[in-house]
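Chemist: Below is structure26.pdb; it holds PDB, C-alpha atoms.
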```
ATOM      1  CA  MET A   1       1.915  -8.976   2.263
ATOM      2  CA  LEU A   2       5.505 -10.034   2.485
ATOM      3  CA  LEU A   3       8.136 -11.012  -0.029
ATOM      4  CA  PHE A   4       9.886 -14.340   0.422
ATOM      5  CA  ARG A   5      12.973 -15.962  -1.074
ATOM      6  CA  SER A   6      11.149 -19.241  -1.818
ATOM      7  CA  GLU A   7       8.180 -21.471  -1.004
ATOM      8  CA  GLN A   8      10.232 -23.025   1.807
ATOM      9  CA  HIS A   9      10.725 -19.602   3.380
ATOM     10  CA  ILE A  10       6.955 -18.995   3.249
ATOM     11  CA  ASP A  11       6.343 -22.329   4.994
ATOM     12  CA  ARG A  12       8.918 -21.461   7.651
ATOM     13  CA  TRP A  13       7.288 -18.054   8.276
ATOM     14  CA  CYS A  14       3.829 -19.669   8.568
ATOM     15  CA  GLN A  15       5.228 -22.138  11.081
ATOM     16  CA  GLN A  16       6.970 -19.378  13.083
ATOM     17  CA  TRP A  17       3.775 -17.341  13.322
ATOM     18  CA  ASN A  18       1.392 -20.290  13.608
ATOM     19  CA  ARG A  19      -0.501 -19.156  10.525
ATOM     20  CA  SER A  20      -2.123 -21.178   7.771
ATOM     21  CA  ARG A  21      -0.654 -20.878   4.327
ATOM     22  CA  GLY A  22      -2.351 -17.980   2.459
ATOM     23  CA  GLY A  23      -2.305 -16.872  -1.163
ATOM     24  CA  THR A  24       0.797 -16.332  -3.266
ATOM     25  CA  LEU A  25       1.630 -14.329  -6.345
ATOM     26  CA  SER A  26       4.751 -13.666  -8.342
ATOM     27  CA  LEU A  27       6.564 -10.363  -8.099
ATOM     28  CA  ALA A  28       5.463  -9.656 -11.701
ATOM     29  CA  GLN A  29       1.817 -10.200 -10.708
ATOM     30  CA  GLY A  30       2.368  -7.947  -7.694
ATOM     31  CA  TRP A  31       3.714  -5.179  -9.937
ATOM     32  CA  LYS A  32       0.749  -5.460 -12.330
ATOM     33  CA  LEU A  33      -1.664  -5.432  -9.411
ATOM     34  CA  ALA A  34       0.088  -2.399  -7.885
ATOM     35  CA  GLN A  35      -0.315  -0.564 -11.205
ATOM     36  CA  LEU A  36      -4.025  -1.419 -11.390
ATOM     37  CA  TRP A  37      -4.564  -0.544  -7.736
ATOM     38  CA  TYR A  38      -2.541   2.634  -7.373
ATOM     39  CA  GLY A  39      -2.174   4.021 -10.901
ATOM     40  CA  ASP A  40      -5.169   6.348 -10.517
ATOM     41  CA  ARG A  41      -4.700   7.308  -6.864
ATOM     42  CA  LEU A  42      -3.826  10.941  -7.589
ATOM     43  CA  ASN A  43      -6.939  11.482  -9.670
ATOM     44  CA  PRO A  44      -8.952  14.137  -7.773
ATOM     45  CA  ARG A  45     -12.108  12.109  -8.326
ATOM     46  CA  TRP A  46     -10.626   8.787  -7.200
ATOM     47  CA  GLN A  47     -13.056   6.528  -5.394
ATOM     48  CA  PRO A  48     -12.300   3.260  -3.595
ATOM     49  CA  LYS A  49     -12.800   0.184  -5.743
ATOM     50  CA  SER A  50     -16.037  -1.695  -5.187
ATOM     51  CA  ALA A  51     -15.722  -5.384  -4.314
ATOM     52  CA  ALA A  52     -16.592  -6.270  -7.922
ATOM     53  CA  GLU A  53     -13.969  -3.841  -9.292
ATOM     54  CA  ALA A  54     -11.344  -5.207  -6.904
ATOM     55  CA  GLU A  55     -12.122  -8.802  -7.905
ATOM     56  CA  LYS A  56     -11.861  -7.750 -11.560
ATOM     57  CA  ALA A  57      -8.380  -6.310 -10.882
ATOM     58  CA  PHE A  58      -7.335  -9.546  -9.134
ATOM     59  CA  ALA A  59      -8.642 -11.599 -12.057
ATOM     60  CA  GLU A  60      -6.766  -9.400 -14.556
ATOM     61  CA  VAL A  61      -3.490 -10.472 -12.999
ATOM     62  CA  GLY A  62      -4.580 -14.091 -12.662
ATOM     63  CA  LEU A  63      -5.661 -14.089  -9.027
ATOM     64  CA  VAL A  64      -8.874 -16.076  -8.946
ATOM     65  CA  GLY A  65     -10.556 -18.504  -6.557
ATOM     66  CA  GLU A  66     -12.120 -18.354  -3.127
ATOM     67  CA  PHE A  67      -9.083 -16.708  -1.475
ATOM     68  CA  TRP A  68      -9.438 -13.627  -3.701
ATOM     69  CA  LYS A  69     -13.188 -13.233  -3.393
ATOM     70  CA  LEU A  70     -14.558 -10.171  -1.610
ATOM     71  CA  GLU A  71     -18.286 -10.691  -2.065
TER      72      GLU A  71
ATOM     73  CA  MET B  72     -16.369  21.587 -11.046
ATOM     74  CA  SER B  73     -15.032  21.763  -7.505
ATOM     75  CA  ILE B  74     -14.300  18.693  -5.435
ATOM     76  CA  ASP B  75     -15.552  18.148  -1.908
ATOM     77  CA  PHE B  76     -13.629  18.728   1.317
ATOM     78  CA  ASP B  77     -12.685  15.079   1.815
ATOM     79  CA  SER B  78     -11.292  14.781  -1.723
ATOM     80  CA  GLN B  79      -9.282  17.964  -1.224
ATOM     81  CA  LEU B  80      -8.010  16.676   2.104
ATOM     82  CA  ARG B  81      -7.071  13.331   0.559
ATOM     83  CA  LEU B  82      -5.116  15.091  -2.206
ATOM     84  CA  PHE B  83      -3.478  17.476   0.243
ATOM     85  CA  VAL B  84      -2.183  14.575   2.330
ATOM     86  CA  TYR B  85      -0.884  12.738  -0.735
ATOM     87  CA  ARG B  86       0.796  15.826  -2.217
ATOM     88  CA  HIS B  87       2.435  16.737   1.100
ATOM     89  CA  THR B  88       3.677  13.166   1.530
ATOM     90  CA  ILE B  89       5.078  13.048  -2.009
ATOM     91  CA  ARG B  90       6.707  16.470  -1.736
ATOM     92  CA  THR B  91       8.240  16.113   1.716
ATOM     93  CA  GLY B  92       8.711  12.357   2.059
ATOM     94  CA  ARG B  93       6.690  12.424   5.253
ATOM     95  CA  VAL B  94       2.995  11.951   6.069
ATOM     96  CA  PRO B  95       1.672  15.180   7.622
ATOM     97  CA  THR B  96       0.341  15.372  11.159
ATOM     98  CA  VAL B  97      -3.237  16.454  11.827
ATOM     99  CA  ALA B  98      -1.999  19.831  13.132
ATOM    100  CA  GLU B  99       0.197  20.404  10.056
ATOM    101  CA  THR B 100      -2.606  19.451   7.733
ATOM    102  CA  ALA B 101      -4.988  21.877   9.426
ATOM    103  CA  ARG B 102      -2.459  24.701   9.447
ATOM    104  CA  LEU B 103      -1.237  24.248   5.879
ATOM    105  CA  SER B 104      -4.633  23.580   4.309
ATOM    106  CA  GLY B 105      -6.476  26.402   6.035
ATOM    107  CA  SER B 106      -8.815  24.081   7.935
ATOM    108  CA  THR B 107      -9.441  23.512  11.603
ATOM    109  CA  VAL B 108      -8.060  20.525  13.492
ATOM    110  CA  ARG B 109     -11.629  19.369  14.077
ATOM    111  CA  GLN B 110     -12.421  19.504  10.343
ATOM    112  CA  VAL B 111      -9.263  17.561   9.521
ATOM    113  CA  ARG B 112      -9.908  14.910  12.189
ATOM    114  CA  SER B 113     -13.481  14.424  10.963
ATOM    115  CA  GLY B 114     -12.345  14.271   7.331
ATOM    116  CA  LEU B 115      -9.606  11.731   8.062
ATOM    117  CA  LEU B 116     -12.077   9.606   9.993
ATOM    118  CA  ARG B 117     -14.432   9.564   6.993
ATOM    119  CA  LEU B 118     -11.552   8.817   4.613
ATOM    120  CA  SER B 119     -10.397   5.954   6.824
ATOM    121  CA  LYS B 120     -13.642   4.097   6.144
ATOM    122  CA  SER B 121     -12.246   3.155   2.721
ATOM    123  CA  HIS B 122      -9.081   1.782   4.399
ATOM    124  CA  ALA B 123      -6.965   3.760   1.910
ATOM    125  CA  PHE B 124      -6.228   5.955   4.902
ATOM    126  CA  MET B 125      -5.923   4.337   8.327
ATOM    127  CA  LEU B 126      -5.483   6.092  11.653
ATOM    128  CA  GLN B 127      -3.395   5.396  14.723
ATOM    129  CA  GLU B 128      -5.144   5.265  18.102
ATOM    130  CA  ASN B 129      -4.087   8.878  18.697
ATOM    131  CA  GLY B 130      -5.912  10.012  15.547
ATOM    132  CA  GLU B 131      -2.766  10.616  13.500
ATOM    133  CA  LEU B 132      -2.382   8.914  10.134
ATOM    134  CA  TRP B 133      -0.798   5.476  10.068
ATOM    135  CA  ARG B 134      -1.474   4.398   6.487
ATOM    136  CA  VAL B 135      -1.891   6.674   3.491
ATOM    137  CA  ALA B 136      -1.896   3.845   1.015
ATOM    138  CA  PRO B 137       0.536   3.029  -0.464
ATOM    139  CA  PHE B 138       2.617   5.124   1.982
ATOM    140  CA  SER B 139       3.215   4.305   5.627
ATOM    141  CA  ALA B 140       3.544   7.105   8.168
ATOM    142  CA  ILE B 141       5.770   4.891  10.274
ATOM    143  CA  PRO B 142       8.971   3.070   9.271
ATOM    144  CA  THR B 143       8.499  -0.420   7.805
ATOM    145  CA  PRO B 144      10.777  -3.052   6.199
ATOM    146  CA  PHE B 145       9.777  -1.663   2.774
ATOM    147  CA  PRO B 146      11.739   1.530   2.078
ATOM    148  CA  VAL B 147      11.174   2.821  -1.436
ATOM    149  CA  HIS B 148      13.737   5.172  -3.008
ATOM    150  CA  VAL B 149      12.752   7.395  -5.927
ATOM    151  CA  GLY B 150      15.638   9.640  -6.939
ATOM    152  CA  LYS B 151      16.796  11.417  -3.785
ATOM    153  CA  LYS B 152      13.494  10.888  -1.975
ATOM    154  CA  PHE B 153      12.270   7.891  -0.068
ATOM    155  CA  TRP B 154       9.111   6.674   1.597
ATOM    156  CA  PHE B 155       8.020   3.536   3.409
ATOM    157  CA  GLY B 156       5.466   1.187   1.862
ATOM    158  CA  ASN B 157       3.155  -0.695   4.213
ATOM    159  CA  CYS B 158       3.933  -4.038   2.580
ATOM    160  CA  ILE B 159       5.493  -5.286  -0.659
ATOM    161  CA  TRP B 160       2.289  -4.567  -2.618
ATOM    162  CA  ASP B 161       2.242  -0.997  -1.348
ATOM    163  CA  ALA B 162       5.992  -0.635  -1.917
ATOM    164  CA  LEU B 163       5.357  -1.520  -5.570
ATOM    165  CA  GLY B 164       2.380   0.827  -5.447
ATOM    166  CA  ILE B 165       4.596   3.868  -4.833
ATOM    167  CA  PRO B 166       6.346   3.799  -8.252
ATOM    168  CA  ALA B 167       3.032   2.702  -9.790
ATOM    169  CA  MET B 168       1.306   5.744  -8.316
ATOM    170  CA  LEU B 169       4.092   8.205  -9.071
ATOM    171  CA  GLY B 170       5.005   6.813 -12.493
ATOM    172  CA  LYS B 171       8.672   6.931 -11.497
ATOM    173  CA  ASP B 172      11.650   4.598 -11.396
ATOM    174  CA  ALA B 173      12.229   3.182  -7.927
ATOM    175  CA  HIS B 174      14.493   1.000  -5.834
ATOM    176  CA  ILE B 175      12.740  -1.024  -3.132
ATOM    177  CA  SER B 176      15.055  -2.255  -0.397
ATOM    178  CA  ALA B 177      12.904  -5.288   0.355
ATOM    179  CA  SER B 178      13.998  -8.295   2.357
ATOM    180  CA  CYS B 179      12.757 -11.843   2.872
ATOM    181  CA  GLY B 180       9.896 -11.952   5.399
ATOM    182  CA  CYS B 181      11.359 -15.113   6.877
ATOM    183  CA  CYS B 182      15.098 -14.542   7.225
ATOM    184  CA  ASN B 183      15.555 -10.842   6.416
ATOM    185  CA  ASP B 184      17.901 -11.560   3.491
ATOM    186  CA  GLN B 185      18.093  -8.563   1.213
ATOM    187  CA  MET B 186      15.835  -8.879  -1.839
ATOM    188  CA  PRO B 187      16.078  -5.588  -3.726
ATOM    189  CA  VAL B 188      13.469  -4.793  -6.344
ATOM    190  CA  GLU B 189      13.856  -2.263  -9.165
ATOM    191  CA  VAL B 190      11.233  -0.558 -11.287
ATOM    192  CA  LYS B 191      12.418   1.228 -14.435
ATOM    193  CA  SER B 192      10.402   2.865 -17.205
ATOM    194  CA  GLY B 193       7.173   1.313 -15.949
ATOM    195  CA  GLN B 194       8.619  -2.201 -15.870
ATOM    196  CA  LEU B 195       9.808  -4.474 -13.122
ATOM    197  CA  SER B 196      13.480  -4.498 -14.094
ATOM    198  CA  ALA B 197      15.034  -6.473 -11.232
ATOM    199  CA  GLY B 198      13.885  -8.543  -8.303
ATOM    200  CA  GLU B 199      12.853 -12.039  -7.417
ATOM    201  CA  GLY B 200      10.806 -13.932  -4.902
ATOM    202  CA  ILE B 201       7.225 -14.814  -4.083
ATOM    203  CA  ILE B 202       4.639 -12.571  -2.438
ATOM    204  CA  HIS B 203       2.600 -14.251   0.283
ATOM    205  CA  ILE B 204      -0.669 -12.862   1.590
ATOM    206  CA  ALA B 205      -1.573 -14.549   4.829
ATOM    207  CA  VAL B 206      -5.220 -13.511   5.058
ATOM    208  CA  PRO B 207      -8.031 -14.130   2.508
ATOM    209  CA  ALA B 208      -9.137 -10.979   0.653
ATOM    210  CA  ARG B 209     -12.445 -10.527   2.456
ATOM    211  CA  GLU B 210     -10.651 -10.496   5.826
ATOM    212  CA  TRP B 211      -7.793  -8.140   4.931
ATOM    213  CA  TYR B 212      -8.973  -5.256   7.015
ATOM    214  CA  LYS B 213      -9.898  -7.391  10.007
ATOM    215  CA  ASP B 214      -6.226  -8.330  10.396
ATOM    216  CA  VAL B 215      -4.185  -5.648   8.661
ATOM    217  CA  VAL B 216      -0.909  -6.426  10.412
ATOM    218  CA  PHE B 217      -0.807 -10.041   9.228
ATOM    219  CA  THR B 218      -2.279  -9.242   5.809
TER     220      THR B 218
END
```
Please express what this file holds, its structure, as structure tokens.

Modeler:
Amino acid sequence: MLLFRSEQHIDRWCQQWNRSRGGTLSLAQGWKLAQLWYGDRLNPRWQPKSAAEAEKAFAEVGLVGEFWKLE
Amino acid sequence: MSIDFDSQLRLFVYRHTIRTGRVPTVAETARLSGSTVRQVRSGLLRLSKSHAFMLQENGELWRVAPFSAIPTPFPVHVGKKFWFGNCIWDALGIPAMLGKDAHISASCGCCNDQMPVEVKSGQLSAGEGIIHIAVPAREWYKDVVFT
């Protein structure tokens, strides 16, 4: 998961590495997702998110659609 | 209520990493936590099934999400300490996890132009750009490097 200057820079990277275009999110969405994903990591009883919980976190920051599906 | 060995091991690794700025080796973890190397190796192997922890081929930790045991292009500075995030999401995950202000010395994945990101008082206070995830969510752990 890399940060890019612009859409054109993403396209250039995909071309360089012969990869299809993937999913994108804004830095603000990334920050919200990081908070949802890592905010509880030091809880002694932390457990990995289930696929449904992970999809719920994606949806909370507006990441929906086939690319973000885990199940 | 006590927590099980793997949970204690997980917390030990996180606390050591946060305190020292460095992910502990298997030998250090065993010595400092009062366990045997075999117990630690087995515990890390079980913890790596969640992908929150990932191991190198030699059995040492590679990823203690959001921290990376090896240098990456995502250094995260919090006060006088710094760690490496595995990717931009994990770099943002370090201040999210610690609840601290941070400076992320990120750069563009294409041209390496500096793209610093700041987190202050729980808010993204500076930074720009677009995050790209090359691999669909259900395949993330089949191709971690490109994800």

Chemist: Please, which residues in chain B fall within 7 Å of chain A when counting only C-alpha atoms, and what is the closest atom pair and distance in Å to one decimal for each, ordered by chain then residue number, as a tab-separated table?

Modeler:
```
residue	atom	partner	partner_atom	distance
B:Ser78	CA	A:Pro44	CA	6.5
B:Leu82	CA	A:Pro44	CA	6.8
B:Ser121	CA	A:Pro48	CA	6.3
B:Cys158	CA	A:Met1	CA	5.3
B:Ile159	CA	A:Leu2	CA	5.7
B:Trp160	CA	A:Gly30	CA	6.1
B:Leu163	CA	A:Ala34	CA	5.8
B:Gly164	CA	A:Ala34	CA	4.6
B:Ala167	CA	A:Gln35	CA	4.9
B:Met168	CA	A:Gly39	CA	4.7
B:Ser178	CA	A:Leu3	CA	6.9
B:Cys179	CA	A:Phe4	CA	4.5
B:Gly180	CA	A:Phe4	CA	5.5
B:Cys181	CA	A:Trp13	CA	5.2
B:Leu195	CA	A:Ala28	CA	6.9
B:Glu199	CA	A:Leu27	CA	6.5
B:Gly200	CA	A:Arg5	CA	4.8
B:Ile201	CA	A:Ser26	CA	5.1
B:Ile202	CA	A:Leu3	CA	4.5
B:His203	CA	A:Thr24	CA	4.5
B:Ile204	CA	A:Met1	CA	4.7
B:Ala205	CA	A:Gly22	CA	4.2
B:Val206	CA	A:Gly22	CA	5.9
B:Pro207	CA	A:Phe67	CA	4.9
B:Ala208	CA	A:Trp68	CA	5.1
B:Arg209	CA	A:Leu70	CA	4.6
B:Thr218	CA	A:Met1	CA	5.5
```

Chemist: Quote the spacing between atom CA of B:Arg86 and atom CA of B:Val190 in Å to one decimal place.

Modeler: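 So the answer is 21.4 Å.
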
Chemist: If I take atom CA of B:Trp211 and atom CA of B:Ala177, how far is one from the other in Å, to one decimal?

Modeler: 21.4 Å

Chemist: For stretch 103-119 of chain B, find every residue with an atom within 9 Å (counting all atoms listed in the file), except residues of its own chain fewer than 4 positions away, and show them as a ChimeraX atom specification.

Modeler: /B:76-78,80-81,83,97-99,123-126,130-132

Chemist: Just how far from atom CA of B:Phe145 is atom CA of B:Met186, in Å to one decimal?

Modeler: 10.5 Å

Chemist: Using all atoms listed in the file, determine which residues lie at most 8 Å from stretch 146-156 of chain B, disregarding the query and same-chain residues fewer than 2 positions distant; provide the list as a ChimeraX atom specification.

Modeler: /B:92-93,136-144,158-166,171-177
